[in-house]
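Asks: What follows is a single structure, and I will ask about it in a moment.
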Amino acid sequence: MAISAAMVKELRTRTGAGMMECKGALKDADGDMEAAVELLRKKGAAKADKKSGRIAADGVIVALVSDDGNSGVLVEVNCETDFVAKDDSFSAFARAVAETVMERRPASVAALGDSVLSGGGGTVEEARRELITKIGENINVRRFQAIAAGPDAQISAYVHGNRIGVLVASQGGRADLGKDIAMHIAASRPLYLSKQAIPAEVMEKEREIFAAQAGESGKPAQIVAKIVDGRLHKYCNEITLLGQPFVKDPDQSVEKLLNSEGAVVEEFIRFEVGEGLERRADDFVAEVMAQAKGA
């Protein structure tokens, strides 16, 4: 059976596969459109499995806040290169995943994969595999986290370049204070809200390290103790939101800023693309050039 350009175009629209792949599938299916779709889906699943072992440490962060401002979600979706991270299809998928988290509130990434994708007919996992086939890179939904505000609080969001995302639950203060605090968190990377939130084992480990360092000075024990306390105090200020100098006014701490406005931060979440993941060591541009020369 002759394969027309219109048939190839229809199959491309339905599957997102390449032109030659669509033409080949139609030939193999003897012009049967449904059989060609099924054939491409099977090939796509095989390709997705093959790419699943490749490192995906680039990607985007998506932050969503409910219309009433009482809840929000932060989602990280990974790909292999920043080139794909800027692709419209990838961005649309990441956004739909975040909307799915907001709507379905899955308990885990695995449960999210089994959820029906927001605005789509299939599951998140099915859409992920289809996108891998279309784009040609490994794609992973790495993590998500939801946040809920207290009775008098609201959620504020800030996303920097699609690579750093922050959600803050706060109450009191001016209307844009939550956004300012979220921007501060994006820039300053606090690990904890306050000194009281630092786990006891973390504090004990740092105390041991500072004590060992100060003990080498040969100073009296009471002096060493004061040195250790001073370093611990500085350490706590560096890693806690309330102790850090506010980025827009370093002369005052975030805690002093909040106190001056009668405001309180209840909770915050900060995601950064690829944090803790191994990144590709190869030169992607060189890889593309090598493929082009081979072709």
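Going by the structure tokens order, chains are called A, B, ..., each with residues numbered from 1, while ligands are numbered from 1 in the order shown.
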Show me, as a Markdown table, the residues of region 245-273 of chain A having an atom within 12 Å of region 132-156 of chain A, each with the closest atom pair and its distance in Å, using only C-alpha atoms.
Replies:
```
| residue | atom | partner | partner_atom | distance |
| --- | --- | --- | --- | --- |
| A:Ala263 | CA | A:Ala153 | CA | 9.8 |
| A:Val264 | CA | A:Ala153 | CA | 8.9 |
| A:Val265 | CA | A:Ala153 | CA | 8.8 |
| A:Glu266 | CA | A:Ala149 | CA | 7.8 |
| A:Glu267 | CA | A:Ile147 | CA | 8.0 |
| A:Phe268 | CA | A:Ile147 | CA | 8.0 |
| A:Ile269 | CA | A:Gln145 | CA | 7.9 |
| A:Arg270 | CA | A:Gln145 | CA | 9.7 |
| A:Phe271 | CA | A:Phe144 | CA | 9.0 |
| A:Glu272 | CA | A:Arg143 | CA | 11.0 |
| A:Val273 | CA | A:Arg142 | CA | 9.7 |
```
Asks: With N, CA and C atoms retained, could you export that selection as a short mmCIF file (atom, residue, chain, number, x, y, z; two decimals), in the first residue's frame?
Replies:
```cif
data_model
loop_
_atom_site.label_atom_id
_atom_site.label_comp_id
_atom_site.auth_asym_id
_atom_site.auth_seq_id
_atom_site.Cartn_x
_atom_site.Cartn_y
_atom_site.Cartn_z
N ALA A 263 5.52 39.42 61.67
CA ALA A 263 5.28 38.29 60.79
C ALA A 263 5.99 37.03 61.30
N VAL A 264 5.52 35.88 60.84
CA VAL A 264 6.09 34.59 61.23
C VAL A 264 6.18 33.68 60.00
N VAL A 265 7.30 32.99 59.85
CA VAL A 265 7.42 31.95 58.82
C VAL A 265 7.16 30.61 59.48
N GLU A 266 6.16 29.89 58.97
CA GLU A 266 5.81 28.59 59.54
C GLU A 266 6.65 27.46 58.97
N GLU A 267 6.93 27.54 57.67
CA GLU A 267 7.59 26.43 56.98
C GLU A 267 8.10 26.92 55.63
N PHE A 268 9.13 26.26 55.11
CA PHE A 268 9.57 26.56 53.74
C PHE A 268 10.12 25.30 53.09
N ILE A 269 10.08 25.29 51.75
CA ILE A 269 10.66 24.20 50.95
C ILE A 269 11.52 24.85 49.87
N ARG A 270 12.69 24.28 49.65
CA ARG A 270 13.57 24.78 48.58
C ARG A 270 14.07 23.60 47.76
N PHE A 271 13.85 23.64 46.45
CA PHE A 271 14.38 22.65 45.52
C PHE A 271 15.34 23.34 44.56
N GLU A 272 16.42 22.66 44.23
CA GLU A 272 17.32 23.12 43.17
C GLU A 272 17.57 21.97 42.22
N VAL A 273 17.51 22.24 40.94
CA VAL A 273 17.64 21.19 39.93
C VAL A 273 18.95 20.43 40.10
#
```
Asks: Just the residues within 10 Å of Arg174 (chain A), please, counting only C-alpha atoms, with nothing from its chain fewer than 3 positions along; format it as a PyMOL selection string.
Replies: chain A and resi 171+177-178+261-263
Asks: How many Å separate CA of Leu131 (chain A) from CA of Ser71 (chain A)?
Replies: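 Distance reported for this atom pair: 28.9 Å.
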Asks: Env of region 192-199 of chain A: 12 Å cut, atoms = only C-alpha atoms, seq-sep filter 5 positions within chain, self excluded. Answer as a PyMOL selection string.
Replies: chain A and resi 168-170+181+185+204-206+232-244+253-255+264-270
Asks: Could the residues in this selection be saved with C-alpha atoms as a short mmCIF file (atom, residue, chain, number, x, y, z; two decimals), in the first residue's frame?
Replies:
```
data_model
loop_
_atom_site.label_atom_id
_atom_site.label_comp_id
_atom_site.auth_asym_id
_atom_site.auth_seq_id
_atom_site.Cartn_x
_atom_site.Cartn_y
_atom_site.Cartn_z
CA VAL A 168 7.03 29.67 52.00
CA ALA A 169 4.14 29.48 54.46
CA SER A 170 3.98 32.73 56.42
CA ILE A 181 11.49 35.72 52.04
CA ILE A 185 15.76 31.42 50.61
CA GLU A 204 26.73 17.50 68.46
CA LYS A 205 28.81 16.60 65.41
CA GLU A 206 29.67 20.24 64.73
CA LEU A 232 28.48 27.12 66.98
CA HIS A 233 26.51 30.36 67.20
CA LYS A 234 27.96 31.52 63.88
CA TYR A 235 27.29 28.13 62.30
CA CYS A 236 23.64 28.20 63.40
CA ASN A 237 23.15 31.66 61.92
CA GLU A 238 24.67 30.54 58.62
CA ILE A 239 22.38 27.53 58.12
CA THR A 240 19.08 28.82 59.57
CA LEU A 241 16.65 31.15 57.85
CA LEU A 242 16.03 33.26 60.93
CA GLY A 243 19.74 33.68 61.64
CA GLN A 244 20.86 34.71 58.15
CA SER A 253 18.71 39.27 60.15
CA VAL A 254 15.61 37.65 58.71
CA GLU A 255 14.38 37.15 62.27
CA VAL A 264 6.09 34.59 61.23
CA VAL A 265 7.42 31.95 58.82
CA GLU A 266 5.81 28.59 59.54
CA GLU A 267 7.59 26.43 56.98
CA PHE A 268 9.57 26.56 53.74
CA ILE A 269 10.66 24.20 50.95
CA ARG A 270 13.57 24.78 48.58
#
```
Asks: Which residue, A:Ala85, A:Ile3, A:Met203, A:Glu208, has the smallest gap to Lys27 (chain A) when you use only C-alpha atoms?
Replies: A:Ile3
Asks: Within region 213-283 of chain A, find each residue whose DSSP state, derived from the backbone, is helix (DSSP H, G or I), and express the selection as a PyMOL selection string.
Replies: chain A and resi 213-215+221-239+254-260
Asks: Leaving out Arg104 (chain A) and any residue of its chain fewer than 2 positions from it, which residues lie within 12 Å of it when counting only C-alpha atoms, given as a PyMOL selection string?
Replies: chain A and resi 73+96-102+106-109+111-118+123-124+146
Asks: Give me a file of those residues, with N, CA and C atoms, as a PDB file, in the first residue's frame.
Replies:
```pdb
ATOM      1  N   VAL A  73       2.605  23.260  45.832  1.00  0.00           N
ATOM      2  CA  VAL A  73       3.430  22.089  45.554  1.00  0.00           C
ATOM      3  C   VAL A  73       4.676  22.527  44.805  1.00  0.00           C
ATOM      4  N   ALA A  96       2.272  19.950  33.717  1.00  0.00           N
ATOM      5  CA  ALA A  96       1.153  19.034  33.893  1.00  0.00           C
ATOM      6  C   ALA A  96       1.381  18.097  35.079  1.00  0.00           C
ATOM      7  N   VAL A  97       2.632  17.688  35.284  1.00  0.00           N
ATOM      8  CA  VAL A  97       2.959  16.842  36.439  1.00  0.00           C
ATOM      9  C   VAL A  97       2.675  17.593  37.735  1.00  0.00           C
ATOM     10  N   ALA A  98       3.087  18.862  37.801  1.00  0.00           N
ATOM     11  CA  ALA A  98       2.833  19.667  38.996  1.00  0.00           C
ATOM     12  C   ALA A  98       1.336  19.837  39.236  1.00  0.00           C
ATOM     13  N   GLU A  99       0.586  20.053  38.182  1.00  0.00           N
ATOM     14  CA  GLU A  99      -0.864  20.182  38.315  1.00  0.00           C
ATOM     15  C   GLU A  99      -1.490  18.877  38.787  1.00  0.00           C
ATOM     16  N   THR A 100      -0.917  17.755  38.346  1.00  0.00           N
ATOM     17  CA  THR A 100      -1.394  16.452  38.796  1.00  0.00           C
ATOM     18  C   THR A 100      -1.159  16.275  40.292  1.00  0.00           C
ATOM     19  N   VAL A 101       0.018  16.692  40.760  1.00  0.00           N
ATOM     20  CA  VAL A 101       0.323  16.614  42.193  1.00  0.00           C
ATOM     21  C   VAL A 101      -0.657  17.468  42.984  1.00  0.00           C
ATOM     22  N   MET A 102      -0.948  18.665  42.482  1.00  0.00           N
ATOM     23  CA  MET A 102      -1.874  19.564  43.173  1.00  0.00           C
ATOM     24  C   MET A 102      -3.276  18.969  43.235  1.00  0.00           C
ATOM     25  N   PRO A 106      -0.774  12.641  45.354  1.00  0.00           N
ATOM     26  CA  PRO A 106      -0.260  11.275  45.505  1.00  0.00           C
ATOM     27  C   PRO A 106       0.677  11.168  46.698  1.00  0.00           C
ATOM     28  N   ALA A 107       0.808   9.956  47.218  1.00  0.00           N
ATOM     29  CA  ALA A 107       1.619   9.746  48.414  1.00  0.00           C
ATOM     30  C   ALA A 107       3.098   9.582  48.107  1.00  0.00           C
ATOM     31  N   SER A 108       3.444   9.271  46.854  1.00  0.00           N
ATOM     32  CA  SER A 108       4.837   9.021  46.496  1.00  0.00           C
ATOM     33  C   SER A 108       5.023   9.261  45.008  1.00  0.00           C
ATOM     34  N   VAL A 109       6.295   9.252  44.572  1.00  0.00           N
ATOM     35  CA  VAL A 109       6.593   9.404  43.151  1.00  0.00           C
ATOM     36  C   VAL A 109       6.022   8.224  42.367  1.00  0.00           C
ATOM     37  N   ALA A 111       3.335   6.482  43.142  1.00  0.00           N
ATOM     38  CA  ALA A 111       1.887   6.690  43.046  1.00  0.00           C
ATOM     39  C   ALA A 111       1.561   7.783  42.036  1.00  0.00           C
ATOM     40  N   LEU A 112       2.426   8.797  41.962  1.00  0.00           N
ATOM     41  CA  LEU A 112       2.247   9.854  40.974  1.00  0.00           C
ATOM     42  C   LEU A 112       2.329   9.290  39.562  1.00  0.00           C
ATOM     43  N   GLY A 113       3.261   8.371  39.327  1.00  0.00           N
ATOM     44  CA  GLY A 113       3.414   7.762  38.012  1.00  0.00           C
ATOM     45  C   GLY A 113       2.163   7.031  37.559  1.00  0.00           C
ATOM     46  N   ASP A 114       1.427   6.468  38.520  1.00  0.00           N
ATOM     47  CA  ASP A 114       0.204   5.739  38.204  1.00  0.00           C
ATOM     48  C   ASP A 114      -1.018   6.653  38.099  1.00  0.00           C
ATOM     49  N   SER A 115      -0.865   7.937  38.438  1.00  0.00           N
ATOM     50  CA  SER A 115      -1.978   8.879  38.401  1.00  0.00           C
ATOM     51  C   SER A 115      -2.237   9.351  36.973  1.00  0.00           C
ATOM     52  N   VAL A 116      -3.499   9.662  36.691  1.00  0.00           N
ATOM     53  CA  VAL A 116      -3.854  10.207  35.381  1.00  0.00           C
ATOM     54  C   VAL A 116      -3.284  11.615  35.266  1.00  0.00           C
ATOM     55  N   LEU A 117      -2.534  11.880  34.218  1.00  0.00           N
ATOM     56  CA  LEU A 117      -1.900  13.180  34.022  1.00  0.00           C
ATOM     57  C   LEU A 117      -2.952  14.267  33.834  1.00  0.00           C
ATOM     58  N   SER A 118      -2.777  15.366  34.527  1.00  0.00           N
ATOM     59  CA  SER A 118      -3.715  16.483  34.419  1.00  0.00           C
ATOM     60  C   SER A 118      -3.825  16.954  32.970  1.00  0.00           C
ATOM     61  N   THR A 123      -1.624   8.013  31.961  1.00  0.00           N
ATOM     62  CA  THR A 123      -0.981   8.250  33.249  1.00  0.00           C
ATOM     63  C   THR A 123       0.281   9.096  33.074  1.00  0.00           C
ATOM     64  N   VAL A 124       0.794   9.552  34.195  1.00  0.00           N
ATOM     65  CA  VAL A 124       2.045  10.315  34.186  1.00  0.00           C
ATOM     66  C   VAL A 124       3.172   9.466  33.609  1.00  0.00           C
ATOM     67  N   ALA A 146       4.540  18.869  49.013  1.00  0.00           N
ATOM     68  CA  ALA A 146       3.402  19.772  49.186  1.00  0.00           C
ATOM     69  C   ALA A 146       3.562  20.537  50.487  1.00  0.00           C
TER      70      ALA A 146
END
```
Asks: Give the strand (DSSP E or B) residues of region 109-217 of chain A, as DSSP finds them on the backbone, and put them as a PyMOL selection string.
Replies: chain A and resi 116+123+140-148+154-160+164-171+192
Asks: Keeping only C-alpha atoms, write the selected residues as a tab-separated table (two decimals), in the first residue's frame.
Replies:
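This is the output file again_18.tsv:
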```tsv
chain	number	residue	atom	x	y	z
A	116	VAL	CA	-3.85	10.21	35.38
A	123	THR	CA	-0.98	8.25	33.25
A	140	ASN	CA	12.50	11.43	35.32
A	141	VAL	CA	10.01	12.86	37.77
A	142	ARG	CA	12.47	13.01	40.64
A	143	ARG	CA	10.55	14.43	43.59
A	144	PHE	CA	7.72	16.61	44.80
A	145	GLN	CA	6.60	18.11	48.08
A	146	ALA	CA	3.40	19.77	49.19
A	147	ILE	CA	3.01	22.53	51.74
A	148	ALA	CA	-0.11	23.75	53.55
A	154	GLN	CA	-0.61	31.97	53.11
A	155	ILE	CA	1.77	30.33	50.66
A	156	SER	CA	4.23	32.41	48.63
A	157	ALA	CA	6.26	31.06	45.71
A	158	TYR	CA	9.42	32.07	43.89
A	159	VAL	CA	11.13	30.30	40.98
A	160	HIS	CA	14.50	31.48	39.70
A	164	ILE	CA	15.51	26.95	41.90
A	165	GLY	CA	12.06	26.88	43.44
A	166	VAL	CA	10.85	27.96	46.88
A	167	LEU	CA	7.55	27.81	48.73
A	168	VAL	CA	7.03	29.67	52.00
A	169	ALA	CA	4.14	29.48	54.46
A	170	SER	CA	3.98	32.73	56.42
A	171	GLN	CA	1.56	34.96	58.23
A	192	TYR	CA	16.62	24.88	58.68
```
